[in-house]
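Everything on this sheet refers to the single structure shown next.
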Amino acid sequence: MMNYTLRQHGRATLDFLSSFGSSIGPLMKGQQEALDTAGLNDETLADDLDDRAKQIEGVLEKVPAFRTTNLVGEWHGEHHARTAAAAFEEIKDDLASDFENLASGGTTLSYNPDLDIPKYWPYPIHRTTGGWDGHRHMGFIHGELVHRYIVGKAAKPPAAGGKATDIYADRKNFAEQAPRRDYDHVVEIGCSSGPYTAKLAEVFPDAKISACDISIAQLEQAQRNGNLAGQSWNLFHADGCATGLDDESCDLFTSYIILHELPVKVIEDILREGFRTLKSGGDLLFGDVAPYSALSKTGAWRTDYMATYGGEPFWRGSSTMDMVGIMEDIGFVDVKYEGMAPNNYPWVTYGRKP
Ligand SMILES: C[S@@+](CC[C@H](N)C(=O)[O-])C[C@H]1O[C@@H](n2cnc3c(N)ncnc32)[C@H](O)[C@@H]1O
C-alpha cells in the first residue's frame with residue numbers, strides 16, 4: 001500500500017462515507033420484514049424481472065427503510081468519487097515523488113495512444129464522476145481512496161491494535177482455483193489498479209504476468225502497486241477483445257470481477273480472445289458475482305435494483321446470459337460455472353482449451 005497521510009478534512013469526509021456501511025444492515029432487515037408481511041416470496045414473486053420489480057417496489061415504496069436506503073445509496077453514489085478526489089487534492093504534492101519513483105522498476109507499462117476506446121466503456125462505472133478516466137489520477141483516487149480506504153474500512157474495520165485485514169484475500173483464494181501452478185504466461189484482462197494481478201504474481205511466482213486495461217489512469221496506479229510490491233508485471237494498454245497478443249501465447253487467461261461491467265457481446269469477444277491466445281491445454285478462469293439463477297428471487301431483484309442505481313448498466317445482461325452455452329460454442333471443454341464456498345462468491349467461470 002502506498003504511504004500517505006490524509007489531511008484532517010479529507011480523512012473526516014472519507015470516514016463519514018465509510019461509516020454508512022454499518023447503517024445499511026438494519027435498513028435491509030426492515031425491507032425484508034415489509035416483504036414478508038406482504039406475502040412476497042419465491043413462490044408468489046413473478047419470474048420476469050420487470051414484473052417482479054413492480055411487485056416488490058410497489059410494496060417497498062411506502063416503507064421508510066427502503067426510502068432511507070435509497071437516499072443513503074444515492075448520496076454515497078453521487079459523492080464518493082468527488083469526496084475522494086478532494087481528499088487527493090490535499091495530498092497530491094506529498095505523493096508526487098512516489099508517483100515519479102514508482103513509474104520505474106520491474107513492473108512496466110506500455111501505452112497505446114491509438115487504442116480504439118470501445119463505445120460502452122466511458123460510462124460512469126460505479127458512478128465514478130466522469131468515468132474511469134474522469135480524473136488524471138483516478139487510479140489512485142479509486143484504487144486507494146475509494147476502494148482500499150472507504151470500502152475496505154466499511155467492510156472490515158481493523159481490530160483495535162490488530163493487523164489490518166487483507167481486503168484482497170478473496171482474489172488470492174480465487175487464483176488458487178486454477179488447476180495448475182506451472183503456467184508460463186498468465187494474462188489478466190481488466191486489471192484496474194492491480195489488486196488481482198498482485199495475487200496472481202504470488203500464486204504463480206515463476207510465470208510471466210501480463211495484465212491489460214483500457215484505463216491508462218488505472219494502469220499507472222497498477223504500475224506503482226507492482227513496483228511497490230517489488231513484482232514484475234507487464235502492464236499493457238489494450239482492449240481485452242483484441243489484446244494484440246500472439247495466437248497460443250499464454251496458458252492461463254484470467255480476470256476478476258470484470259464481467260458484470262461488460263455488455264454480453266463484449267464478454268463473448270473476450271472469451272473468444274482467450275481461446276485464440278491460449279495454448280492447447282491452457283485454462284480460462286474468470287471470477288465474478290453470482291448469476292441471478294443462483295439467487296433467491298428477492299436477492300436477484302435487490303442486486304438488479306442496486307446495479308441499476310449504482311452505475312452498473314450491464315449487470316443484468318451478464319447475470320442472465322447463457323455462459324456455459326457460449327463457452328462450449330467457442331470450443332472450451334470441462335466447462336464449470338459455479339460459486340465458491342461458502343457464499344458463492346466469487347462465481348467461477350472455467351474452461352480448458354483442448
Ligand atoms: C471492476 S474493474 C476490475 C477490477 C480488478 N480486476 C480487481 O481485481 O479489482 C473492471 C476493469 O475492467 C476494465 N475494462 C472494461 N472493459 C474492458 C475491456 N474491454 N478490456 C480491458 N479492460 C476492460 C475497466 O477499465 C476496469 O478497470
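Convention: chains lettered A, B, ... in C-alpha cells order; per-chain residue numbering from 1; ligands numbered from 1 as shown.
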
Would you name the residues within 9 Å of ligand 1, counting only C-alpha atoms and all ligand atoms, and put them as a short mmCIF file (atom, residue, chain, number, x, y, z; two decimals) with C-alpha atoms, in the first residue's frame?
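Listing of result_8.cif after writing:
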data_model
loop_
_atom_site.label_atom_id
_atom_site.label_comp_id
_atom_site.auth_asym_id
_atom_site.auth_seq_id
_atom_site.Cartn_x
_atom_site.Cartn_y
_atom_site.Cartn_z
CA ILE A 117 -11.80 3.03 -26.90
CA PRO A 118 -15.00 0.93 -27.15
CA TYR A 120 -19.69 1.24 -23.98
CA TRP A 121 -16.61 1.91 -21.85
CA PRO A 122 -16.67 5.61 -20.81
CA ILE A 125 -18.60 2.94 -13.74
CA HIS A 126 -19.61 2.65 -10.06
CA TRP A 132 -12.92 5.55 -15.10
CA ASP A 133 -10.56 8.05 -16.69
CA GLY A 139 -6.26 5.08 -10.45
CA GLY A 143 -7.92 2.20 -6.03
CA HIS A 147 -11.69 1.02 -2.61
CA TYR A 168 -7.94 -8.62 -1.36
CA ARG A 171 -8.52 -12.68 -5.10
CA GLU A 188 -5.18 -10.89 -16.95
CA ILE A 189 -7.92 -8.80 -18.57
CA GLY A 190 -9.24 -5.64 -16.86
CA CYS A 191 -6.58 -5.39 -14.14
CA SER A 192 -7.59 -1.90 -12.99
CA SER A 193 -5.08 -0.81 -10.30
CA GLY A 194 -3.78 -4.38 -9.94
CA PRO A 195 -5.20 -5.99 -6.78
CA TYR A 196 -5.74 -9.35 -8.56
CA THR A 197 -2.50 -9.00 -10.54
CA ALA A 211 -2.24 -7.57 -17.50
CA CYS A 212 -4.24 -5.14 -19.62
CA ASP A 213 -6.86 -2.47 -19.12
CA ILE A 214 -8.39 0.29 -21.22
CA SER A 215 -7.89 2.87 -18.48
CA ILE A 216 -4.49 4.49 -18.53
CA GLN A 218 -5.77 2.67 -13.60
CA LEU A 219 -2.75 1.14 -15.34
CA HIS A 237 -2.95 -0.71 -22.60
CA ALA A 238 -5.38 -2.84 -24.62
CA ASP A 239 -8.97 -3.91 -25.12
CA GLY A 240 -9.44 -7.48 -23.85
CA CYS A 241 -11.40 -8.26 -27.03
CA ALA A 242 -8.26 -7.71 -29.13
CA THR A 243 -5.18 -7.89 -26.92
CA SER A 255 -9.93 -11.91 -14.87
CA TYR A 256 -11.56 -10.85 -11.61
CA ILE A 257 -14.89 -9.01 -11.37
CA ILE A 258 -14.93 -7.52 -14.85
CA LEU A 259 -17.80 -9.50 -16.44
CA HIS A 260 -20.59 -7.53 -14.76
CA GLU A 261 -19.04 -4.34 -16.17
CA LEU A 262 -19.39 -5.55 -19.77
CA VAL A 266 -18.04 -7.88 -25.28
CA ILE A 267 -17.91 -10.80 -22.82
CA ASP A 269 -15.48 -11.40 -27.66
CA ILE A 270 -13.15 -11.53 -24.64
#

ask   = Among region 128-348 of chain A, which ones does DSSP place in strand (DSSP E), written as a count of residues only?
value = 43

key: Near-Val335 (chain A) list (12 Å; only C-alpha atoms; drop same-chain fewer than 5 positions) as an NGL selection string   = :A and (283-286 or 323-330 or 348-354)

ask   = Which residue out of A:Asn173, A:Thr129, A:Thr254, A:Thr107 has the minimum interatomic distance to Gln231 (chain A) when only C-alpha atoms are used?
value = A:Thr107

key: Selection near region 11-23 of chain A, 8 Å with only C-alpha atoms, sequence-local residues under 6 positions removed, as an NGL selection string   = :A and (72 or 76 or 80 or 83-84 or 87 or 145 or 149-151 or 153-155)

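Checking A:Leu271, A:Val333, A:Ile141, A:Met1 one by one against Gly226 (chain A), counting only C-alpha atoms, you find the shortest gap at A:Met1.
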
ask   = as a ChimeraX atom specification, which residues of region 217-322 of chain A does DSSP assign to alpha helix (DSSP H)?
value = /A:217-228,264-277,297-309,315-320

Print the selection's residues with C-alpha atoms to a file, as a JSON list (two decimals), in the first residue's frame.
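Writing done, so here's result_4.json:
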[["chain", "number", "residue", "atom", "x", "y", "z"],
["A", 217, "ALA", "CA", -5.13, 6.12, -15.13],
["A", 218, "GLN", "CA", -5.77, 2.67, -13.60],
["A", 219, "LEU", "CA", -2.75, 1.14, -15.34],
["A", 220, "GLU", "CA", -0.48, 3.86, -13.97],
["A", 221, "GLN", "CA", -1.64, 3.09, -10.45],
["A", 222, "ALA", "CA", -1.22, -0.64, -11.16],
["A", 223, "GLN", "CA", 2.38, 0.06, -12.18],
["A", 224, "ARG", "CA", 3.01, 1.88, -8.90],
["A", 225, "ASN", "CA", 1.47, -1.00, -6.94],
["A", 226, "GLY", "CA", 3.51, -3.61, -8.84],
["A", 227, "ASN", "CA", 6.74, -1.71, -8.24],
["A", 228, "LEU", "CA", 5.87, -1.05, -4.61],
["A", 264, "VAL", "CA", -22.76, -9.58, -23.27],
["A", 265, "LYS", "CA", -21.29, -9.20, -26.78],
["A", 266, "VAL", "CA", -18.04, -7.88, -25.28],
["A", 267, "ILE", "CA", -17.91, -10.80, -22.82],
["A", 268, "GLU", "CA", -18.25, -13.18, -25.76],
["A", 269, "ASP", "CA", -15.48, -11.40, -27.66],
["A", 270, "ILE", "CA", -13.15, -11.53, -24.64],
["A", 271, "LEU", "CA", -13.82, -15.27, -24.18],
["A", 272, "ARG", "CA", -13.03, -15.80, -27.89],
["A", 273, "GLU", "CA", -9.83, -13.79, -27.45],
["A", 274, "GLY", "CA", -8.96, -16.09, -24.56],
["A", 275, "PHE", "CA", -9.48, -19.14, -26.75],
["A", 276, "ARG", "CA", -7.33, -17.66, -29.51],
["A", 277, "THR", "CA", -4.43, -16.67, -27.25],
["A", 297, "LYS", "CA", -35.99, -14.05, -6.37],
["A", 298, "THR", "CA", -35.78, -11.24, -3.81],
["A", 299, "GLY", "CA", -31.97, -11.43, -3.87],
["A", 300, "ALA", "CA", -31.92, -11.16, -7.66],
["A", 301, "TRP", "CA", -34.31, -8.19, -7.55],
["A", 302, "ARG", "CA", -32.17, -6.45, -4.91],
["A", 303, "THR", "CA", -28.97, -6.98, -6.92],
["A", 304, "ASP", "CA", -30.68, -5.77, -10.10],
["A", 305, "TYR", "CA", -32.06, -2.70, -8.33],
["A", 306, "MET", "CA", -28.71, -1.77, -6.80],
["A", 307, "ALA", "CA", -26.96, -2.29, -10.14],
["A", 308, "THR", "CA", -29.48, -0.05, -11.92],
["A", 309, "TYR", "CA", -28.99, 2.82, -9.47],
["A", 315, "TRP", "CA", -25.01, -6.30, -14.62],
["A", 316, "ARG", "CA", -28.37, -7.80, -15.65],
["A", 317, "GLY", "CA", -27.09, -8.98, -19.04],
["A", 318, "SER", "CA", -24.01, -10.68, -17.65],
["A", 319, "SER", "CA", -26.02, -12.21, -14.79],
["A", 320, "THR", "CA", -28.60, -13.81, -17.05]]

message = Report as a PyMOL selection string all protein, DNA and RNA residues lying within 10 Å of Asn41 (chain A), evaluated on only C-alpha atoms, omitting residues in the same chain fewer than 4 positions from it.
response = chain A and resi 32+35-36+45-46+56+296-298

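The spacing separating CA of Thr128 (chain A) from CA of Asp98 (chain A) amounts to 24.5 Å.
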
Gap from CA of Ala201 (chain A) to CA of Asn343 (chain A) - Å, one decimal = 25.6 Å
